[in-house]
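Shown next: input_1.cif, given as mmCIF, C-alpha atoms.
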```cif
data_coords
loop_
_atom_site.label_atom_id
_atom_site.label_comp_id
_atom_site.auth_asym_id
_atom_site.auth_seq_id
_atom_site.Cartn_x
_atom_site.Cartn_y
_atom_site.Cartn_z
CA MET A 1 -60.71 1.21 -49.19
CA MET A 2 -58.94 -1.77 -50.69
CA SER A 3 -60.55 -5.14 -49.97
CA PRO A 4 -58.83 -7.25 -47.30
CA GLY A 5 -57.82 -9.84 -49.91
CA LYS A 6 -56.11 -7.29 -52.12
CA THR A 7 -54.49 -5.60 -49.15
CA TRP A 8 -53.14 -8.98 -48.07
CA ILE A 9 -51.72 -9.71 -51.54
CA THR A 10 -50.21 -6.24 -51.77
CA GLY A 11 -48.71 -6.64 -48.32
CA LEU A 12 -47.28 -10.00 -49.32
CA CYS A 13 -45.70 -8.54 -52.45
CA THR A 14 -44.27 -5.65 -50.46
CA SER A 15 -42.87 -8.04 -47.87
CA ALA A 16 -41.29 -10.10 -50.65
CA VAL A 17 -39.62 -7.01 -52.04
CA LEU A 18 -38.39 -5.96 -48.59
CA LEU A 19 -37.08 -9.46 -47.98
CA PHE A 20 -35.31 -9.30 -51.30
CA VAL A 21 -33.79 -5.97 -50.32
CA SER A 22 -32.71 -7.46 -47.01
CA GLY A 23 -31.25 -10.43 -48.88
CA VAL A 24 -29.30 -8.04 -51.02
CA SER A 25 -27.98 -6.35 -47.93
CA VAL A 26 -26.95 -9.70 -46.48
CA SER A 27 -25.20 -10.84 -49.62
CA ASP A 28 -23.64 -7.40 -49.86
CA GLY A 29 -22.38 -7.70 -46.31
CA ARG A 30 -21.01 -11.16 -47.04
CA GLN A 31 -19.29 -10.01 -50.17
CA GLU A 32 -17.66 -7.32 -48.12
CA SER A 33 -16.74 -9.90 -45.49
CA SER A 34 -15.22 -12.28 -48.00
CA GLY A 35 -13.36 -9.37 -49.48
CA SER A 36 -12.19 -8.22 -46.08
CA ASN A 37 -9.37 -10.76 -45.82
CA GLU A 38 -8.13 -9.59 -49.16
CA THR A 39 -8.39 -5.98 -48.04
CA ARG A 40 -6.52 -6.76 -44.79
CA ALA A 41 -3.83 -8.59 -46.72
CA LYS A 42 -3.46 -5.63 -49.01
CA VAL A 43 -3.33 -3.27 -46.04
CA ASN A 44 -0.67 -5.43 -44.38
CA LYS A 45 1.44 -5.22 -47.48
CA GLY A 46 0.84 -1.52 -47.66
CA LYS A 47 -1.06 -2.01 -50.90
CA VAL A 48 -4.46 -0.63 -50.13
CA SER A 49 -6.98 -0.45 -52.93
CA GLY A 50 -7.09 3.32 -52.44
CA GLU A 51 -3.41 3.45 -53.28
CA SER A 52 -3.89 2.10 -56.76
CA GLU A 53 -6.73 4.53 -57.23
CA LEU A 54 -4.50 7.34 -55.99
CA ASP A 55 -1.99 6.31 -58.64
CA LYS A 56 -4.71 6.50 -61.25
CA ALA A 57 -5.36 10.19 -60.60
CA PRO A 58 -4.54 12.16 -63.75
CA GLN A 59 -1.46 14.37 -63.62
CA LYS A 60 -3.59 17.51 -63.84
CA ALA A 61 -5.60 16.40 -60.78
CA ARG A 62 -2.47 15.42 -58.84
CA ALA A 63 -0.95 18.82 -59.48
CA ARG A 64 -3.87 20.73 -57.95
CA ARG A 65 -2.92 22.61 -54.80
CA ASN A 66 -5.10 22.48 -51.71
CA PRO A 67 -6.58 25.99 -51.47
CA LEU A 68 -7.39 25.41 -47.78
CA GLU A 69 -3.96 24.09 -46.81
CA ASN A 70 -3.32 27.08 -44.56
CA ASP A 71 -6.90 27.65 -43.47
CA PRO A 72 -6.88 27.56 -39.65
CA ASP A 73 -10.35 25.98 -39.53
CA ALA A 74 -9.84 23.39 -42.25
CA VAL A 75 -8.58 20.54 -40.03
CA ALA A 76 -11.37 20.96 -37.48
CA ALA A 77 -14.02 21.27 -40.19
CA GLY A 78 -12.53 18.30 -42.03
CA LYS A 79 -12.57 16.26 -38.83
CA LYS A 80 -16.25 17.07 -38.40
CA LEU A 81 -16.98 16.05 -42.01
CA PHE A 82 -14.94 12.87 -41.60
CA GLY A 83 -17.02 11.96 -38.54
CA MET A 84 -20.20 12.51 -40.51
CA HIS A 85 -19.39 10.78 -43.76
CA CYS A 86 -16.29 8.58 -43.51
CA VAL A 87 -16.09 7.02 -40.03
CA GLU A 88 -18.57 4.26 -40.84
CA CYS A 89 -16.19 2.68 -43.36
CA HIS A 90 -12.73 4.05 -42.50
CA GLY A 91 -13.04 3.89 -38.69
CA GLU A 92 -12.96 6.49 -35.92
CA SER A 93 -9.22 7.12 -36.30
CA ALA A 94 -9.10 6.43 -40.04
CA GLU A 95 -7.31 3.20 -39.19
CA GLY A 96 -9.45 1.26 -41.69
CA THR A 97 -12.10 -1.41 -41.25
CA ARG A 98 -13.06 -4.51 -43.18
CA ARG A 99 -14.95 -2.21 -45.56
CA ALA A 100 -12.33 0.40 -46.36
CA PRO A 101 -8.56 0.88 -46.08
CA ASN A 102 -6.39 2.60 -43.53
CA LEU A 103 -5.93 6.25 -44.46
CA ARG A 104 -2.82 6.48 -42.28
CA GLU A 105 -0.86 4.29 -44.66
CA PRO A 106 2.20 6.06 -46.06
CA GLU A 107 0.79 5.59 -49.55
CA VAL A 108 -2.14 7.80 -48.60
CA GLN A 109 -0.23 10.22 -46.39
CA ASP A 110 2.51 10.70 -48.98
CA ALA A 111 0.07 11.13 -51.86
CA PRO A 112 -0.36 14.63 -53.28
CA PRO A 113 -3.47 16.40 -51.91
CA GLY A 114 -4.79 16.64 -55.45
CA ALA A 115 -4.78 12.84 -55.81
CA ILE A 116 -6.75 12.37 -52.56
CA PHE A 117 -9.18 15.06 -53.70
CA TRP A 118 -9.57 13.22 -57.02
CA VAL A 119 -10.38 9.89 -55.30
CA LEU A 120 -12.87 11.64 -52.99
CA THR A 121 -14.55 13.28 -55.96
CA ASN A 122 -14.73 10.16 -58.14
CA GLY A 123 -15.09 7.47 -55.50
CA ILE A 124 -14.06 3.89 -56.25
CA VAL A 125 -17.50 2.95 -57.42
CA TRP A 126 -16.93 -0.66 -58.47
CA HIS A 127 -15.23 -1.40 -55.12
CA GLY A 128 -17.82 0.18 -52.86
CA MET A 129 -16.64 3.74 -52.28
CA PRO A 130 -19.33 6.21 -53.35
CA VAL A 131 -18.56 9.44 -55.15
CA TRP A 132 -18.38 12.39 -52.79
CA SER A 133 -18.74 15.17 -55.31
CA LYS A 134 -22.07 15.85 -53.64
CA LEU A 135 -20.02 17.58 -50.97
CA PRO A 136 -19.13 21.05 -52.25
CA GLU A 137 -15.51 21.43 -53.38
CA PRO A 138 -14.38 23.43 -50.29
CA GLN A 139 -15.70 20.65 -48.02
CA ARG A 140 -13.77 18.02 -49.99
CA TRP A 141 -10.61 20.11 -49.56
CA GLN A 142 -11.34 20.39 -45.84
CA LEU A 143 -11.51 16.59 -45.74
CA VAL A 144 -8.20 16.33 -47.61
CA THR A 145 -6.62 18.75 -45.14
CA TYR A 146 -7.83 16.63 -42.22
CA ILE A 147 -6.69 13.34 -43.77
CA LYS A 148 -3.24 14.77 -44.47
CA SER A 149 -3.06 16.02 -40.88
CA LEU A 150 -3.52 12.51 -39.47
CA GLY A 151 -0.01 11.27 -40.08
CA THR A 152 0.84 7.60 -40.03
CA LYS A 153 0.42 6.90 -36.29
CA PRO A 154 -2.97 6.43 -34.66
CA GLN A 155 -3.88 9.37 -32.47
CA THR A 156 -4.02 8.84 -28.72
CA PRO A 157 -5.88 11.09 -26.29
CA SER A 158 -2.58 12.71 -25.32
CA ASN A 159 -1.56 13.77 -28.81
CA ARG A 160 -5.04 14.44 -30.17
CA MET B 1 -55.27 2.50 -34.83
CA ARG B 2 -53.60 3.20 -38.15
CA TYR B 3 -52.06 6.44 -36.84
CA ARG B 4 -50.93 4.68 -33.67
CA PHE B 5 -49.13 2.11 -35.81
CA LEU B 6 -47.56 4.85 -37.95
CA SER B 7 -46.44 6.77 -34.86
CA ALA B 8 -44.88 3.63 -33.35
CA PHE B 9 -43.16 2.90 -36.65
CA LEU B 10 -41.71 6.42 -36.89
CA LEU B 11 -40.68 6.32 -33.23
CA PHE B 12 -38.85 3.03 -33.81
CA PHE B 13 -36.80 4.57 -36.63
CA ALA B 14 -36.27 7.77 -34.66
CA LEU B 15 -34.74 5.81 -31.79
CA LEU B 16 -32.46 3.65 -33.91
CA PRO B 17 -28.90 4.89 -33.56
CA SER B 18 -27.32 6.41 -36.64
CA ARG B 19 -23.75 7.58 -37.06
CA SER B 20 -24.22 9.08 -40.44
CA TRP B 21 -25.23 12.57 -41.40
CA ALA B 22 -27.12 12.82 -44.60
CA GLN B 23 -26.19 15.27 -47.32
CA GLU B 24 -29.44 15.02 -49.22
CA ASN B 25 -30.48 17.10 -52.18
CA PRO B 26 -33.69 19.13 -51.85
CA TYR B 27 -35.50 17.70 -54.89
CA ILE B 28 -38.80 15.90 -54.47
CA VAL B 29 -39.55 15.02 -58.11
CA ALA B 30 -36.17 15.35 -59.87
CA TYR B 31 -33.21 13.04 -59.22
CA ASP B 32 -29.51 13.81 -59.22
CA HIS B 33 -26.83 11.18 -59.90
CA TYR B 34 -25.91 10.53 -56.28
CA LEU B 35 -26.93 7.11 -55.05
CA GLU B 36 -27.39 5.89 -51.51
CA GLU B 37 -24.12 4.93 -49.80
CA PRO B 38 -23.57 1.13 -49.88
CA GLY B 39 -25.18 -0.62 -46.91
CA SER B 40 -27.15 2.49 -45.87
CA LEU B 41 -30.92 2.57 -45.49
CA GLU B 42 -32.83 5.80 -45.81
CA VAL B 43 -36.37 5.83 -44.45
CA GLU B 44 -38.52 8.61 -45.90
CA TYR B 45 -41.98 10.01 -45.37
CA PHE B 46 -43.40 12.53 -47.82
CA SER B 47 -46.69 14.42 -48.04
CA THR B 48 -48.33 16.27 -50.90
CA PHE B 49 -51.26 18.56 -50.25
CA GLY B 50 -53.00 19.36 -53.53
CA THR B 51 -55.80 21.72 -54.45
CA GLN B 52 -58.44 20.38 -56.80
CA ARG B 53 -60.65 22.24 -59.27
CA GLY B 54 -64.12 20.72 -59.49
CA GLY B 55 -63.41 18.32 -56.64
CA ASN B 56 -62.08 17.92 -53.14
CA ASP B 57 -58.57 18.88 -52.10
CA PHE B 58 -56.38 15.94 -51.17
CA HIS B 59 -53.45 14.92 -49.03
CA ALA B 60 -51.35 12.18 -50.62
CA PHE B 61 -48.46 10.58 -48.73
CA TRP B 62 -45.84 7.94 -49.22
CA MET B 63 -43.27 6.10 -47.22
CA ALA B 64 -40.08 4.96 -48.92
CA PHE B 65 -37.22 2.66 -47.95
CA GLU B 66 -34.11 3.45 -49.97
CA TYR B 67 -31.17 1.08 -49.74
CA GLY B 68 -27.68 1.37 -51.18
CA ALA B 69 -27.11 -2.17 -52.45
CA THR B 70 -23.74 -1.18 -53.94
CA ALA B 71 -22.05 2.10 -54.81
CA TRP B 72 -23.56 1.79 -58.31
CA TRP B 73 -27.04 0.42 -57.47
CA THR B 74 -29.73 1.88 -55.22
CA THR B 75 -33.07 0.16 -54.72
CA GLU B 76 -36.18 1.69 -53.16
CA VAL B 77 -39.68 0.55 -52.18
CA TYR B 78 -42.55 3.05 -51.91
CA LEU B 79 -45.88 2.59 -50.16
CA ASP B 80 -48.48 5.15 -51.29
CA GLY B 81 -51.71 6.40 -49.76
CA GLN B 82 -54.02 9.38 -49.82
CA THR B 83 -56.83 11.15 -48.03
CA THR B 84 -59.36 13.16 -50.00
CA SER B 85 -61.39 15.77 -48.15
CA HIS B 86 -65.04 14.75 -47.60
CA ASP B 87 -64.17 11.35 -49.04
CA SER B 88 -61.94 8.57 -47.69
CA THR B 89 -58.40 7.50 -46.83
CA LEU B 90 -56.90 4.59 -48.71
CA PHE B 91 -53.73 2.71 -49.51
CA THR B 92 -53.11 3.22 -53.21
CA GLY B 93 -50.29 0.83 -54.04
CA PHE B 94 -46.56 0.30 -54.09
CA ARG B 95 -43.59 1.03 -56.32
CA TRP B 96 -40.20 -0.61 -56.63
CA GLU B 97 -37.51 1.65 -58.01
CA ASN B 98 -33.93 0.91 -59.03
CA ARG B 99 -31.19 3.31 -60.06
CA PHE B 100 -27.96 2.23 -61.71
CA ARG B 101 -24.82 4.23 -62.24
CA PRO B 102 -23.14 3.02 -65.45
CA LEU B 103 -19.95 5.10 -65.36
CA LYS B 104 -17.02 4.63 -63.04
CA HIS B 105 -15.86 8.22 -62.68
CA GLU B 106 -17.38 11.67 -62.41
CA HIS B 107 -17.91 13.59 -65.65
CA PHE B 108 -19.30 16.97 -66.55
CA ILE B 109 -22.66 15.24 -67.15
CA ASN B 110 -23.28 12.08 -65.15
CA PRO B 111 -25.93 9.61 -66.30
CA VAL B 112 -27.94 7.28 -64.08
CA LEU B 113 -30.43 4.70 -65.42
CA TYR B 114 -33.72 4.39 -63.58
CA VAL B 115 -36.21 1.51 -63.77
CA GLU B 116 -39.41 1.37 -61.74
CA TYR B 117 -42.36 -1.00 -61.45
CA GLU B 118 -45.61 0.47 -60.17
CA HIS B 119 -48.63 -1.41 -58.89
CA ILE B 120 -51.05 1.36 -58.02
CA SER B 121 -54.72 2.22 -58.28
CA GLY B 122 -56.24 5.14 -60.18
CA ALA B 123 -56.72 6.87 -56.82
CA ASP B 124 -52.96 7.33 -56.38
CA LYS B 125 -52.29 11.07 -56.09
CA ILE B 126 -48.72 11.36 -54.87
CA LEU B 127 -47.72 12.93 -58.23
CA LYS B 128 -44.13 11.83 -57.72
CA GLU B 129 -43.78 12.23 -61.45
CA ILE B 130 -45.97 13.84 -64.07
CA GLU B 131 -46.26 11.85 -67.27
CA GLY B 132 -48.21 11.88 -70.52
CA HIS B 133 -51.41 13.92 -70.27
CA ASP B 134 -51.65 13.75 -66.47
CA GLY B 135 -53.70 16.69 -65.28
CA ASP B 136 -55.87 18.24 -62.64
CA ALA B 137 -59.01 16.54 -63.97
CA ASP B 138 -57.56 13.04 -63.31
CA SER B 139 -57.87 13.59 -59.57
CA ALA B 140 -61.45 14.85 -59.60
CA ASP B 141 -63.11 11.43 -59.39
CA SER B 142 -64.21 10.14 -56.02
CA ASN B 143 -61.99 7.55 -54.38
CA ALA B 144 -64.65 4.88 -54.82
CA VAL B 145 -64.56 5.37 -58.60
CA ALA B 146 -60.84 6.04 -59.01
CA ARG B 147 -59.70 2.99 -57.02
CA ARG B 148 -61.40 0.64 -59.49
CA GLU B 149 -58.67 1.42 -62.02
CA HIS B 150 -55.49 -0.63 -61.58
CA LYS B 151 -52.17 0.35 -63.06
CA HIS B 152 -49.27 -1.99 -63.60
CA GLU B 153 -46.67 0.30 -65.03
CA LEU B 154 -43.02 0.16 -65.99
CA GLU B 155 -41.18 3.42 -65.95
CA PHE B 156 -37.76 4.22 -67.35
CA LYS B 157 -35.81 7.40 -66.76
CA LEU B 158 -32.54 8.80 -67.90
CA LEU B 159 -31.19 10.95 -65.08
CA LEU B 160 -28.49 13.43 -66.06
CA SER B 161 -26.78 15.48 -63.41
CA SER B 162 -23.89 17.91 -63.23
CA THR B 163 -22.14 19.62 -60.36
CA TYR B 164 -20.33 22.88 -61.00
CA LYS B 165 -19.00 25.37 -58.45
CA GLY B 166 -21.36 24.16 -55.75
CA TRP B 167 -24.40 24.11 -58.04
CA ASN B 168 -26.15 20.91 -59.00
CA PHE B 169 -28.12 20.77 -62.25
CA VAL B 170 -30.38 17.85 -63.15
CA GLU B 171 -32.21 16.93 -66.34
CA ASN B 172 -34.50 13.89 -66.15
CA THR B 173 -36.54 12.43 -69.00
CA LEU B 174 -39.03 9.63 -68.45
CA ALA B 175 -40.90 7.08 -70.54
CA ALA B 176 -43.65 5.08 -68.85
CA LYS B 177 -45.65 2.13 -70.16
CA ASN B 178 -48.86 0.96 -68.58
CA LEU B 179 -48.71 -2.80 -69.17
CA ALA B 180 -52.45 -2.86 -69.95
CA ASN B 181 -51.80 -2.04 -73.61
CA GLU B 182 -51.65 1.72 -73.12
CA PRO B 183 -49.32 3.90 -75.20
CA TRP B 184 -45.91 5.01 -73.96
CA GLU B 185 -46.12 8.27 -72.01
CA PHE B 186 -43.37 10.82 -71.55
CA GLY B 187 -42.36 13.46 -69.06
CA TYR B 188 -39.50 15.55 -67.78
CA ALA B 189 -38.05 17.11 -64.65
CA LEU B 190 -35.37 19.79 -64.42
CA GLY B 191 -33.74 21.11 -61.30
CA ALA B 192 -30.98 23.29 -59.89
CA SER B 193 -29.81 23.60 -56.31
CA ARG B 194 -26.95 24.87 -54.18
CA PRO B 195 -25.96 24.75 -50.51
CA VAL B 196 -26.34 28.16 -48.88
CA ARG B 197 -22.68 27.94 -47.78
CA LEU B 198 -20.03 25.79 -49.43
CA LYS B 199 -17.42 25.59 -46.65
CA ALA B 200 -18.21 23.60 -43.51
CA THR B 201 -17.91 25.27 -40.12
CA PRO B 202 -15.74 23.45 -37.55
CA GLN B 203 -18.59 23.22 -35.02
CA HIS B 204 -21.45 20.73 -35.03
CA CYS B 205 -24.55 22.85 -35.48
CA ASN B 206 -28.13 22.46 -36.58
CA PHE B 207 -28.51 25.90 -38.09
CA CYS B 208 -25.18 26.32 -39.91
CA ALA B 209 -25.73 27.69 -43.40
CA GLU B 210 -24.04 24.67 -45.04
CA ASN B 211 -26.87 22.45 -43.70
CA PHE B 212 -29.39 24.21 -45.94
CA ILE B 213 -29.68 23.52 -49.66
CA VAL B 214 -32.07 25.56 -51.79
CA GLY B 215 -33.11 25.43 -55.40
CA ALA B 216 -36.02 24.92 -57.76
CA GLU B 217 -37.46 22.21 -59.93
CA LEU B 218 -39.64 22.29 -63.03
CA TYR B 219 -41.56 19.20 -64.09
CA GLY B 220 -44.38 18.12 -66.33
CA GLY B 221 -45.75 15.78 -68.95
CA LEU B 222 -44.81 15.52 -72.61
CA GLY B 223 -47.81 13.64 -73.98
CA ASP B 224 -47.76 10.09 -75.27
CA ARG B 225 -46.66 8.15 -78.33
CA HIS B 226 -49.70 9.28 -80.34
CA SER B 227 -49.64 12.93 -79.28
CA PHE B 228 -46.17 13.91 -78.17
CA GLY B 229 -45.73 17.50 -77.07
CA LEU B 230 -47.06 20.05 -74.63
CA LYS B 231 -50.73 20.01 -75.69
CA ASP B 232 -53.07 18.94 -72.85
CA THR B 233 -50.23 18.43 -70.42
CA SER B 234 -49.58 19.85 -66.96
CA HIS B 235 -46.46 21.57 -65.65
CA TYR B 236 -45.22 22.79 -62.29
CA LEU B 237 -42.56 25.13 -61.01
CA ALA B 238 -41.49 24.45 -57.43
CA PRO B 239 -38.93 26.13 -55.19
CA VAL B 240 -37.27 23.45 -53.05
CA ALA B 241 -35.32 23.53 -49.80
CA ALA B 242 -33.64 20.87 -47.67
CA TRP B 243 -32.33 21.06 -44.14
CA ASN B 244 -29.78 18.36 -43.33
CA MET B 245 -29.45 18.02 -39.57
CA PRO B 246 -26.40 16.53 -37.82
CA SER B 247 -28.70 14.01 -36.12
CA GLY B 248 -29.21 12.31 -39.49
CA TRP B 249 -32.63 13.77 -40.20
CA THR B 250 -33.42 15.70 -43.38
CA VAL B 251 -36.45 17.94 -43.82
CA ARG B 252 -37.55 18.98 -47.30
CA ILE B 253 -40.24 21.45 -48.32
CA SER B 254 -41.50 22.47 -51.72
CA PRO B 255 -44.53 24.51 -52.73
CA GLY B 256 -45.26 23.63 -56.37
CA PHE B 257 -47.28 26.00 -58.53
CA GLY B 258 -49.25 24.83 -61.55
CA LEU B 259 -48.22 26.64 -64.72
CA ASN B 260 -51.34 26.07 -66.83
CA ASP B 261 -55.03 25.26 -66.53
CA ASN B 262 -54.40 21.50 -66.66
CA SER B 263 -52.25 21.67 -63.53
CA HIS B 264 -53.29 21.65 -59.89
CA ARG B 265 -53.00 25.23 -58.69
CA LEU B 266 -50.87 24.25 -55.70
CA LEU B 267 -48.98 21.13 -54.68
CA LEU B 268 -47.52 21.75 -51.26
CA ARG B 269 -45.00 19.04 -50.51
CA TRP B 270 -42.87 18.29 -47.50
CA GLY B 271 -40.85 15.30 -46.38
CA LEU B 272 -38.87 13.89 -43.51
CA SER B 273 -36.14 11.30 -43.92
CA ARG B 274 -33.43 9.66 -41.88
CA GLU B 275 -30.41 7.73 -43.01
CA PHE B 276 -29.09 4.64 -41.20
CA SER B 277 -25.59 3.73 -42.22
CA GLY B 278 -24.44 0.18 -41.64
CA PHE B 279 -27.95 -1.23 -42.08
CA GLY B 280 -26.61 -3.95 -44.40
CA ASP B 281 -24.15 -5.09 -41.72
CA LEU B 282 -26.93 -5.09 -39.12
CA VAL B 283 -29.11 -7.36 -41.25
CA GLY B 284 -26.06 -9.50 -42.01
CA HIS B 285 -25.53 -10.03 -38.27
CA LEU B 286 -29.19 -10.94 -37.83
CA PHE B 287 -28.73 -13.65 -40.44
CA GLY B 288 -25.65 -15.04 -38.76
CA ASP B 289 -22.81 -13.14 -40.37
CA ARG B 290 -20.42 -12.77 -37.40
CA ARG B 291 -17.38 -11.63 -39.28
#
```

Could you write out this structure as C-alpha cells?
Amino acid sequence: MMSPGKTWITGLCTSAVLLFVSGVSVSDGRQESSGSNETRAKVNKGKVSGESELDKAPQKARARRNPLENDPDAVAAGKKLFGMHCVECHGESAEGTRRAPNLREPEVQDAPPGAIFWVLTNGIVWHGMPVWSKLPEPQRWQLVTYIKSLGTKPQTPSNR
Amino acid sequence: MRYRFLSAFLLFFALLPSRSWAQENPYIVAYDHYLEEPGSLEVEYFSTFGTQRGGNDFHAFWMAFEYGATAWWTTEVYLDGQTTSHDSTLFTGFRWENRFRPLKHEHFINPVLYVEYEHISGADKILKEIEGHDGDADSADSNAVARREHKHELEFKLLLSSTYKGWNFVENTLAAKNLANEPWEFGYALGASRPVRLKATPQHCNFCAENFIVGAELYGGLGDRHSFGLKDTSHYLAPVAAWNMPSGWTVRISPGFGLNDNSHRLLLRWGLSREFSGFGDLVGHLFGDRR
C-alpha cells in the first residue's frame, strides 16, 4: 500500500487537476454565456451561426437527396435521436438556447437537406458544435428528416 | 470501508439526472477521433482481469472522468488501482490525458493529437496501452516490490480514425518517454467497429440492435529507441462490444487474447460509463454564473 504521505500528495495533485477541469468548465460556461448575447442577436436578425455554416456546404453535399425523405418512420426515429443528442443545446422544441441556434429559423428550414446533413456530419467545431459523424449515416438522415418536419412555428400540444 | 465509499460514489453518479444518451465506441485501448461533447462529463469505471504466468492473476481497475472542454479538446483524469491474488490491493497512480482535434471538418482520415502525463508506480497493471517491451513478466513481481518503482511518463499519440458506411476504423501510434532518462518507447493500436443496425428505430428501447456496437482491436508494443520492432514485445487481439442504453449508461466488454509468449494469455476487460451533459453549466452555476 502507498504510504499515507504519498497518498495525500497524490490526492492533492488529483484534486488540483479536477479543480482545473472544473475551472475549465466554468470558463467554458462563461464563454458560452458571453457569446449568448451575440448568438441571440444573430438569431433575432435571422442570422444564426448555423446559417453561415449551411451556406458553406459544398455544392455536391447540398445536392444530396435525403434517402429517408419518404420513410414513414424517419420523423419519429429522428425525433427520438434529437431528444437523445440535440435537446441539450438546441432545446426541447429546437427553438434554440444560449448554446445553439433555433433550428426553426427559415434559413435552416429552407436549406437543402444535404446542407443540414453536411453540418451535422462536420459539426461547427470551433464554435462548439461537435461532429456527429459518429451517428451512422441513416441516423443522420433521420435527424435531417425530423428537423425539416419541424417547420418555423413552435409545436404546441394540439399540433404535435 | 473502501468499497462502501466506492458504492456511495457510484450511487451518487447513478442518481444524477442525465438527459443525454451516449453513443460510445466499444474500444477499450484504441481511440477514435470523436471527442466528448462540450460541457459533458463522462464518468467511467473499467476492470481488467489478467492471467499471469509464474505469478498471481490480477484484477486491475481504473476510474476516469472525461470532460469535453470544447468541441476540439477533451481532457480526462484517471485513477488506477489493482488487486493481485494472494497479495494486496493498492492505488497505483493517476494519469491526465488530453486529446485535441486539429482539423475543422471531417475527412476520410481524421487525426487527433493525444498528450498524457502519467504518475504511476511499477505495480500499475491496467494495461490501458502496451508500449515498448511491456510483457507478461513485468507483472510477475509482488506488489511490495513493484510499487517501489515510480514512473513519471509523458505519452504522445497520433490517433487516426475513419468512418465509412457505418464502419469505424482506427489506427493509433504511440511514443512514450519515462522522464527518468529512459529511452522512448513505441506502441500501436488498431481497431474496427460497427453498430449492429445503422437505422434507429422510432421507439425508445434498451435492446434495439442500433444500441449495440461490435468490433475488434489489436494492440501491442513496438520496442524502444534502441531496439525498435516486434522482438520481445507483446500483442493482443480483442473482440469488443458496447451496449449504449437510453438511460445514458454504456457497458463495454472485451476479452483480449495474448498473441505470443510475452503476452498475458487472457485480459478480460469490462467497463461501465455514464455521460452527464450540461455538467459545465452545472459547475458554472455553482460558481455563481446565473446567466

Of the candidates A:Ile124, A:Leu135, A:Ala77, A:Leu54, which shows the shortest atom-to-atom distance to chain B, using all atoms listed in the file?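 Once distances to chain B are computed over all atoms listed in the file, the minimum belongs to A:Ala77.
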
A straight line from CA of Arg101 (chain B) to CA of Gly123 (chain A) spans 12.3 Å

If we count all atoms listed in the file, what is near Gly54 (chain B) at a cut-off of 10 Å, once residues fewer than 2 positions away on the same chain are taken out, given as a compact mmCIF listing (two decimals) with C-alpha atoms, keeping the file's coordinate frame?
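That gives us out_3.txt:
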```txt
# COMPACT_ATOMS: atom_id res chain seq x y z
CA THR B 51 -55.80 21.72 -54.45
CA GLN B 52 -58.44 20.38 -56.80
CA ASN B 56 -62.08 17.92 -53.14
CA ASP B 57 -58.57 18.88 -52.10
CA ASP B 136 -55.87 18.24 -62.64
CA ALA B 137 -59.01 16.54 -63.97
CA SER B 139 -57.87 13.59 -59.57
CA ALA B 140 -61.45 14.85 -59.60
CA ASP B 141 -63.11 11.43 -59.39
```

Computed gap from CA of Gly135 (chain B) to CA of Leu174 (chain B) is 16.6 Å

Exercise. Mind telling me what the PyMOL selection byres ((chain B and resi 232) around 8) catches here, as JSON, numbers by chain?
Worked result: {"B": [133, 135, 223, 230, 231, 233, 234, 262]}

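Taking CA of Glu118 (chain B) and CA of Gly215 (chain B) as endpoints, the distance between them is 28.3 Å.
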
Margin query: Restricting the calculation to only C-alpha atoms: of B:Thr48, B:Arg265, B:Phe65, B:His86, which residue gets closest to Asp124 (chain B)?
Written below: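 That would be B:Thr48, the residue with the smallest distance to Asp124 (chain B).
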
Can you pull out the residues contacting region 107-115 of chain B? Cut-off 10 Å, using all atoms listed in the file, and skip same-chain residues under 3 positions away; I want them as a PyMOL selection string. (chain A and resi 122) or (chain B and resi 31-35+72-75+96-104+154-164+169-172+174-176)

Restricting to all atoms listed in the file, whichever of A:Val144, A:Leu150, A:Glu69, A:Ala94 is closest to Phe117 (chain A) is A:Val144

- Find the residue from B:Ala192, B:Ala180, B:Cys205, B:Val251 that sits nearest to Pro239 (chain B); use all atoms listed in the file when measuring.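 Of the candidates, the smallest distance to Pro239 (chain B) is held by B:Ala192.
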
* Name the residues captured by the PyMOL selection byres ((chain B and resi 245) around 12) when it is applied to the shown file; answer as an MDAnalysis selection string. => (chainID A and resid 84) or (chainID B and resid 20:24 204:213 242:244 246:252 272:275)

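Ranking A:Gly91, A:Ala115, A:Arg104, A:Gln109 by their shortest atom-to-atom distance to Gln59 (chain A), with all atoms listed in the file included, puts A:Ala115 first.
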
TODO: Pick out the residues sitting within 8 Å of His150 (chain B), and hand them over as a ChimeraX atom specification; count all atoms listed in the file, and ignore anything fewer than 6 positions along from it in its own chain.
DONE: /B:119-122

List the neighbours of Gly114 (chain A) out to 8 Å using all atoms listed in the file; skip same-chain residues closer than 2 positions along the sequence, and give me the result as a PyMOL selection string. chain A and resi 61-66+112+116-118

Which residues, written as a VMD selection string, have at least one atom at most 8 Å from Phe46 (chain B), with only C-alpha atoms counted and residues fewer than 6 positions away on the same chain left out? chain B and resid 61 to 63 269 to 272

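Once the PyMOL selection byres ((chain B and resi 259) around 9) is applied to this file, the selection holds Ser234, His235, Tyr236, Leu237, Phe257, Gly258, Asn260, Asp261, Asn262, Ser263, His264 and Arg265 of chain B.
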
If you count only C-alpha atoms, the residue of A:Asn102, A:Ser149, A:Asp71, A:Pro113 closest to His90 (chain A) turns out to be A:Asn102

Missing atoms in region 106-110 of chain A need filling: write out N, CA and C atoms for it as an mmCIF file, in the coordinates of the input.
```cif
data_model
loop_
_atom_site.group_PDB
_atom_site.id
_atom_site.type_symbol
_atom_site.label_atom_id
_atom_site.label_comp_id
_atom_site.auth_asym_id
_atom_site.auth_seq_id
_atom_site.Cartn_x
_atom_site.Cartn_y
_atom_site.Cartn_z
ATOM 1 N N PRO A 106 1.312 5.084 -45.399
ATOM 2 C CA PRO A 106 2.200 6.060 -46.060
ATOM 3 C C PRO A 106 1.771 6.373 -47.491
ATOM 4 N N GLU A 107 1.202 5.365 -48.161
ATOM 5 C CA GLU A 107 0.790 5.590 -49.550
ATOM 6 C C GLU A 107 -0.271 6.685 -49.643
ATOM 7 N N VAL A 108 -1.114 6.757 -48.598
ATOM 8 C CA VAL A 108 -2.140 7.800 -48.600
ATOM 9 C C VAL A 108 -1.525 9.104 -48.085
ATOM 10 N N GLN A 109 -0.779 9.014 -46.999
ATOM 11 C CA GLN A 109 -0.230 10.220 -46.390
ATOM 12 C C GLN A 109 0.795 10.918 -47.281
ATOM 13 N N ASP A 110 1.499 10.108 -48.101
ATOM 14 C CA ASP A 110 2.510 10.700 -48.980
ATOM 15 C C ASP A 110 1.936 11.130 -50.329
#
```
